[in-house]
Amino acid sequence: MVELHGGIGGVTCLDCGMHHSRASIQQTLEAENPALFSVTAETGADGDAHLERHDLDSFCIPACPNCGGLLKPAVVFFGESVPRERVEAASHALDAADAVLVVGSSLMVYSGYRFCVWAQKQGKPVVVINLGRTRADPMLALKIATPCAETLTALAGRMALD
Ligand SMILES: [Zn+2]
């Protein structure tokens, strides 16, 4: 598995480049923002949560434990590029694979969609687990329009039985 656009389980410092686990930063975030414990917010599929503006007026942003710099989730945001080594790792994985499984992406940005195009050129089936339309819908061998976590859990359970 290659997390092409990174994952929210990690946090990267924009100043020193050090990677931290989200869990370790979460401890600081909670300690510095006790008022957030009384706020309720529904989590979106992308990990975002919508909060009312007044909930954020006193929000303290945790700083990098290493250098005090600015932290961001270890994900590729719009306008950023996927790191070259990650693209190469995904490309090598595609070459060695029999098929491609895309989980939880609309594939609307080319950085992910290109792997579906490359798989199609190699005659490899592409399967997507995603709620909603994807850019690759016309080329899919199978589309499973269900919540990802639920589907992967069920799939893992079935694989363990075999
Ligand atoms: Zn830092």
# chains A, B, ... in the order shown; residues from 1 in each chain; ligands from 1
$ closest_atom_pairs --of "chain A" --to "ligand 1" --cutoff "9 Å" --atoms "only C-alpha atoms and all ligand atoms" --output "CSV"
residue,atom,partner,partner_atom_place_in_ligand_line,distance
A:Thr12,CA,ligand 1,1 (Zn),7.8
A:Cys13,CA,ligand 1,1 (Zn),4.6
A:Leu14,CA,ligand 1,1 (Zn),6.7
A:Asp15,CA,ligand 1,1 (Zn),5.1
A:Cys16,CA,ligand 1,1 (Zn),4.0
A:Gly17,CA,ligand 1,1 (Zn),5.9
A:Met18,CA,ligand 1,1 (Zn),5.6
A:His19,CA,ligand 1,1 (Zn),8.3
A:Ala63,CA,ligand 1,1 (Zn),7.8
A:Cys64,CA,ligand 1,1 (Zn),4.6
A:Pro65,CA,ligand 1,1 (Zn),6.7
A:Asn66,CA,ligand 1,1 (Zn),4.9
A:Cys67,CA,ligand 1,1 (Zn),4.1
A:Gly68,CA,ligand 1,1 (Zn),5.8
A:Gly69,CA,ligand 1,1 (Zn),4.7
A:Leu70,CA,ligand 1,1 (Zn),7.0
A:Leu71,CA,ligand 1,1 (Zn),7.4
$ write_last_selection --atoms "C-alpha atoms" --output "mmCIF file, in the first residue's frame"
data_model
loop_
_atom_site.group_PDB
_atom_site.id
_atom_site.type_symbol
_atom_site.label_atom_id
_atom_site.label_comp_id
_atom_site.auth_asym_id
_atom_site.auth_seq_id
_atom_site.Cartn_x
_atom_site.Cartn_y
_atom_site.Cartn_z
ATOM 1 C CA THR A 12 5.348 17.393 9.438
ATOM 2 C CA CYS A 13 7.218 20.519 10.508
ATOM 3 C CA LEU A 14 7.406 23.112 7.720
ATOM 4 C CA ASP A 15 10.555 24.584 9.256
ATOM 5 C CA CYS A 16 12.839 21.679 10.257
ATOM 6 C CA GLY A 17 11.102 18.912 8.271
ATOM 7 C CA MET A 18 10.821 16.574 11.249
ATOM 8 C CA HIS A 19 7.973 14.077 11.160
ATOM 9 C CA ALA A 63 4.340 24.104 17.634
ATOM 10 C CA CYS A 64 6.980 21.631 16.490
ATOM 11 C CA PRO A 65 8.452 19.957 19.601
ATOM 12 C CA ASN A 66 11.858 19.967 17.898
ATOM 13 C CA CYS A 67 12.188 23.583 16.718
ATOM 14 C CA GLY A 68 9.004 25.462 17.579
ATOM 15 C CA GLY A 69 8.130 25.689 13.882
ATOM 16 C CA LEU A 70 4.813 25.474 12.067
ATOM 17 C CA LEU A 71 3.232 22.016 11.775
#
$ select_by_dssp --residues "range 15-106 of chain A" --states "strand (DSSP E)" --output "ChimeraX atom specification"
/A:19-21,71-75,100-103
$ write_last_selection --atoms "N, CA and C atoms" --output "mmCIF file, in the first residue's frame"
data_model
loop_
_atom_site.group_PDB
_atom_site.id
_atom_site.type_symbol
_atom_site.label_atom_id
_atom_site.label_comp_id
_atom_site.auth_asym_id
_atom_site.auth_seq_id
_atom_site.Cartn_x
_atom_site.Cartn_y
_atom_site.Cartn_z
ATOM 1 N N HIS A 19 9.281 14.733 11.175
ATOM 2 C CA HIS A 19 7.973 14.077 11.160
ATOM 3 C C HIS A 19 7.609 13.664 12.582
ATOM 4 N N HIS A 20 6.364 13.920 12.953
ATOM 5 C CA HIS A 20 5.861 13.540 14.275
ATOM 6 C C HIS A 20 4.597 12.707 14.092
ATOM 7 N N SER A 21 4.311 11.848 15.060
ATOM 8 C CA SER A 21 3.034 11.140 15.010
ATOM 9 C C SER A 21 1.936 12.110 15.400
ATOM 10 N N LEU A 71 3.548 23.404 12.125
ATOM 11 C CA LEU A 71 3.232 22.016 11.775
ATOM 12 C C LEU A 71 2.062 21.963 10.789
ATOM 13 N N LYS A 72 2.040 20.926 9.971
ATOM 14 C CA LYS A 72 0.885 20.660 9.112
ATOM 15 C C LYS A 72 0.681 19.161 9.041
ATOM 16 N N PRO A 73 -0.558 18.715 8.768
ATOM 17 C CA PRO A 73 -0.765 17.275 8.575
ATOM 18 C C PRO A 73 0.159 16.758 7.460
ATOM 19 N N ALA A 74 0.629 15.535 7.591
ATOM 20 C CA ALA A 74 1.564 14.969 6.614
ATOM 21 C C ALA A 74 0.807 14.477 5.383
ATOM 22 N N VAL A 75 0.040 15.390 4.813
ATOM 23 C CA VAL A 75 -0.711 15.087 3.596
ATOM 24 C C VAL A 75 -0.345 16.109 2.526
ATOM 25 N N VAL A 100 -5.012 -2.904 -9.307
ATOM 26 C CA VAL A 100 -4.918 -1.700 -8.468
ATOM 27 C C VAL A 100 -6.214 -1.563 -7.683
ATOM 28 N N LEU A 101 -6.066 -1.322 -6.382
ATOM 29 C CA LEU A 101 -7.212 -1.051 -5.516
ATOM 30 C C LEU A 101 -7.082 0.378 -5.006
ATOM 31 N N VAL A 102 -8.037 1.206 -5.360
ATOM 32 C CA VAL A 102 -8.076 2.596 -4.908
ATOM 33 C C VAL A 102 -9.097 2.673 -3.785
ATOM 34 N N VAL A 103 -8.695 3.254 -2.663
ATOM 35 C CA VAL A 103 -9.587 3.334 -1.503
ATOM 36 C C VAL A 103 -9.804 4.797 -1.134
#
$ closest_residue --among "A:Thr40, A:Asn33, A:Gly112, A:Ala23" --to "Gly6 in chain A" --atoms "only C-alpha atoms"
A:Gly112
$ closest_residue --among "A:Ser24, A:Thr146, A:Leu4, A:Gln122" --to "Pro83 in chain A" --atoms "only C-alpha atoms"
A:Leu4
$ atom_distance --atom1 "CA of Ser38 in chain A" --atom2 "CA of Pro147 in chain A"
27.8 Å
$ closest_residue --among "A:Leu131, A:Ala160, A:Val2, A:Leu51" --to "Gly104 in chain A" --atoms "only C-alpha atoms"
A:Leu131
$ closest_residue --among "A:His5, A:Leu152, A:Leu142, A:Glu88" --to "Val109 in chain A" --atoms "only C-alpha atoms"
A:His5
$ closest_residue --among "A:Val39, A:Ala154, A:Ala145, A:Ala93" --to "Asn130 in chain A" --atoms "only C-alpha atoms"
A:Ala145
$ atom_distance --atom1 "CA of Ala156 in chain A" --atom2 "CA of Tyr113 in chain A"
25.2 Å
$ residues_around --residues "Val117 in chain A" --least-positions-apart "6" --cutoff "12 Å" --atoms "only C-alpha atoms" --output "list in words"
Ser91, Leu94, Val100, Leu107, Tyr110, Ser111, Gly123, Lys124, Pro125, Val126, Arg135, Ala136, Asp137, Pro138, Met139 and Leu140 of chain A
$ atom_distance --atom1 "CA of Leu56 in chain A" --atom2 "CA of Gly44 in chain A"
17.8 Å
